Amino acid sequence: MRATSALDWFMDKTVVPGYSRLGPALRRAWWLDDPEPDALADRHVVVTGASSGLGAATVLGLARLGATVHLLGRDQGRLDACADDVRRQLASAGSPVPELVTSVCDVSDLDAVRVYATALAARVDALHGLVHVAGVLPPERQESAQGHELVYATHVLGPFLLTHLLRPLLRADGDARVVWVSSGGMYTRSLDASDPEAKEREWSGTDAYARTKRMQVALARMWADRMRTDPVAVHAMHPGWAATPGVTASLPRFARLTAPILRTPAQGADTIVWLTAAAPASAAAGCSGAFWSDRRPRATSYLPGQQDPPGERARLWETVADAVDADPR
Ligand SMILES: NC(=O)c1ccc[n+]([C@@H]2O[C@H](COP(=O)([O-])OP(=O)(O)OC[C@H]3O[C@@H](n4cnc5c(N)ncnc54)[C@H](OP(=O)(O)O)[C@@H]3O)[C@@H](O)[C@H]2O)c1
């Protein structure tokens with residue numbers, strides 16, 4: 001056990017082995033058990049960014065465990081194509097095909113998030129999982145429907161508001177999970193809640209991406225603290241490096257250079273599905289607020305000076321709550 005822990009730690013620290021397809025290939029020899037095959041039967045799970053890449057792989061993984069999955073994205077055609085593909089894959093494997101519900105909801109648009117949350121509450125009594133997958137890395141600065149910087153609105157504002165609005169449904173499940181899909185790129189930035197919209201500094205896509213991915217990890221921690229008395233566990237995770245349409249489009253050079261070692265979308269999505277479905281007695285429930293990769297909690301900082309500066313989390317929470325006009329307790 002000690003030898004495998006040391007190897008796991010070494011792979012994580014040296015990045016390439018841990019983030020590449022070697023990570024799950026080796027770690028599955030010692031990682032925690034798969035969920036039961038029907039772990040999510042009769043459970044509802046919302047997945048944002050469900051029409052592509054890791055989101056689509058997450059939908060397949062959750063549906064395979066019996067969940068009714070609610071797929072959110074910005075384009076009805078892409079969502080329907082993803083749902084059809086999942087139905088086809090399950091049927092051809094002889095597996096039952098649960099209900100898949102597609103909804104157009106741009107999570108960067110706070111009005112759309114409010115409309116969706118109201119509609120969902122009218123349709124379901126309880127929600128087992130909320131998985132924040134939607135992600136963007138645009139080539140130039142763009143703004144959301146409400147005029148917020150797009151990367152911040154997509155990774156932080158929309159997911160924060162959706163979590164707040166769906167909290168009563170999550171509580172009603174009795175054993176719910178919220179999973180924030182962050183990125184190893186967050187290690188390149190420390191938490192900084194000043195100027196989250198990049199109004200006073202030069203904007204770059206990779207900078208906005210890494211900053212907001214760091215914010216997601218801090219927010220997951222803070223939601224976990226606030227939901228301590230709810231029967232809801234909150235997790236952040238990073239998927240390693242997976243071959244997805246998003247990586248090919250946003251980071252073509254990286255995708256080309258790393259092609260032979262990239263994970264499949266299913267390998268990238270494995271820990272997302274596992275965190276959503278793992279039994280409450282498992283490590284997942286005892287570690288609400290942790291940052292995971294390959295079914296293990298990981299450090300949130302490796303270098304000196306990367307720890308969240310004192311007061312910065314509270315400042316972030318206030319800034320975000322103010323921007324979405326909500327004050328969750
Ligand atoms: N792939 C990797 O190696 C990797 C590594 C680290 C972290 N991640 C994270 O994993 C997540 C998924 O990435 P991916 O590689 O699978 O990318 P992808 O193939 O580009 O998928 C991104 C998904 O997000 C959706 N989306 C984007 N903006 C949205 C919005 N405003 N509202 C609703 N949906 C939205 C897209 O759907 P539509 O365009 O159809 O709306 C698409 O389904 C991202 O958060 C990313 O940061 C990925």
# chains A, B, ... in the order shown; residues from 1 in each chain; ligands from 1
call {"tool": "residues_near_ligand", "arguments": {"ligand": "ligand 1", "cutoff": "8 Å", "atoms": "only C-alpha atoms and all ligand atoms", "output": "PyMOL selection string"}}
result
chain A and resi 48-56+72-76+78-79+104-109+132-137+150+153-155+181-185+209+213+238-247+249+262-263+265+268
call {"tool": "atom_distance", "arguments": {"atom1": "CA of Ala290 in chain A", "atom2": "CA of Val47 in chain A"}}
result
19.8 Å
call {"tool": "select_by_dssp", "arguments": {"residues": "range 105-228 of chain A", "states": "alpha helix (DSSP H)", "output": "PyMOL selection string"}}
result
chain A and resi 110-123+150-152+158-173+205-226
call {"tool": "closest_atom_pairs", "arguments": {"of": "range 161-201 of chain A", "to": "range 299-302 of chain A", "cutoff": "9 Å", "atoms": "only C-alpha atoms", "output": "tab-separated table"}}
result
residue	atom	partner	partner_atom	distance
A:Met186	CA	A:Thr300	CA	8.7
A:Tyr187	CA	A:Ser301	CA	6.3
A:Ser190	CA	A:Ser301	CA	8.4
call {"tool": "atom_distance", "arguments": {"atom1": "CA of Val320 in chain A", "atom2": "CA of Tyr152 in chain A"}}
result
9.8 Å
call {"tool": "closest_residue", "arguments": {"among": "A:Asp225, A:Asp125, A:Glu140, A:Glu202", "to": "Arg329 in chain A", "atoms": "only C-alpha atoms"}}
result
A:Asp225
call {"tool": "closest_residue", "arguments": {"among": "A:Asp8, A:Asp173, A:Asp38, A:Asp327", "to": "Ala63 in chain A", "atoms": "only C-alpha atoms"}}
result
A:Asp38
call {"tool": "atom_distance", "arguments": {"atom1": "CA of Asp270 in chain A", "atom2": "CA of Arg171 in chain A"}}
result
24.7 Å
call {"tool": "residues_around", "arguments": {"residues": "Phe160 in chain A", "least_positions_apart": "3", "cutoff": "9 Å", "atoms": "only C-alpha atoms", "output": "MDAnalysis selection string"}}
result
chainID A and resid 155:157 163:165 219 320:321 324
call {"tool": "residues_around", "arguments": {"residues": "Asp111 in chain A", "least_positions_apart": "5", "cutoff": "9 Å", "atoms": "only C-alpha atoms", "output": "list in words"}}
result
Tyr116, Ala145 and Gln146 of chain A
call {"tool": "select_by_dssp", "arguments": {"residues": "range 127-298 of chain A", "states": "strand (DSSP E)", "output": "PyMOL selection string"}}
result
chain A and resi 129-132+176-181+232-237+291-293+296-298
call {"tool": "closest_residue", "arguments": {"among": "A:Thr264, A:Ala314, A:Gln307, A:Val46", "to": "Tyr19 in chain A", "atoms": "only C-alpha atoms"}}
result
A:Thr264
call {"tool": "residues_around", "arguments": {"residues": "Ser288 in chain A", "least_positions_apart": "4", "cutoff": "8 Å", "atoms": "only C-alpha atoms", "output": "PDB file with N, CA and C atoms, in the first residue's frame"}}
result
ATOM      1  N   ARG A 221     -14.691  24.101  -1.988  1.00  0.00           N
ATOM      2  CA  ARG A 221     -14.350  24.025  -0.551  1.00  0.00           C
ATOM      3  C   ARG A 221     -15.367  24.815   0.284  1.00  0.00           C
ATOM      4  N   ALA A 224     -18.757  23.227   0.301  1.00  0.00           N
ATOM      5  CA  ALA A 224     -18.733  22.050   1.187  1.00  0.00           C
ATOM      6  C   ALA A 224     -18.915  22.481   2.630  1.00  0.00           C
ATOM      7  N   ALA A 233     -22.492  16.323  -0.470  1.00  0.00           N
ATOM      8  CA  ALA A 233     -21.027  16.402  -0.521  1.00  0.00           C
ATOM      9  C   ALA A 233     -20.632  17.195  -1.767  1.00  0.00           C
ATOM     10  N   VAL A 234     -19.614  18.021  -1.626  1.00  0.00           N
ATOM     11  CA  VAL A 234     -19.171  18.865  -2.742  1.00  0.00           C
ATOM     12  C   VAL A 234     -17.704  18.545  -3.042  1.00  0.00           C
ATOM     13  N   HIS A 235     -17.393  18.332  -4.305  1.00  0.00           N
ATOM     14  CA  HIS A 235     -16.033  17.981  -4.685  1.00  0.00           C
ATOM     15  C   HIS A 235     -15.564  18.805  -5.879  1.00  0.00           C
ATOM     16  N   ALA A 284     -15.434   9.209  -0.628  1.00  0.00           N
ATOM     17  CA  ALA A 284     -16.014  10.410  -1.244  1.00  0.00           C
ATOM     18  C   ALA A 284     -16.832  11.221  -0.252  1.00  0.00           C
TER      19      ALA A 284
END
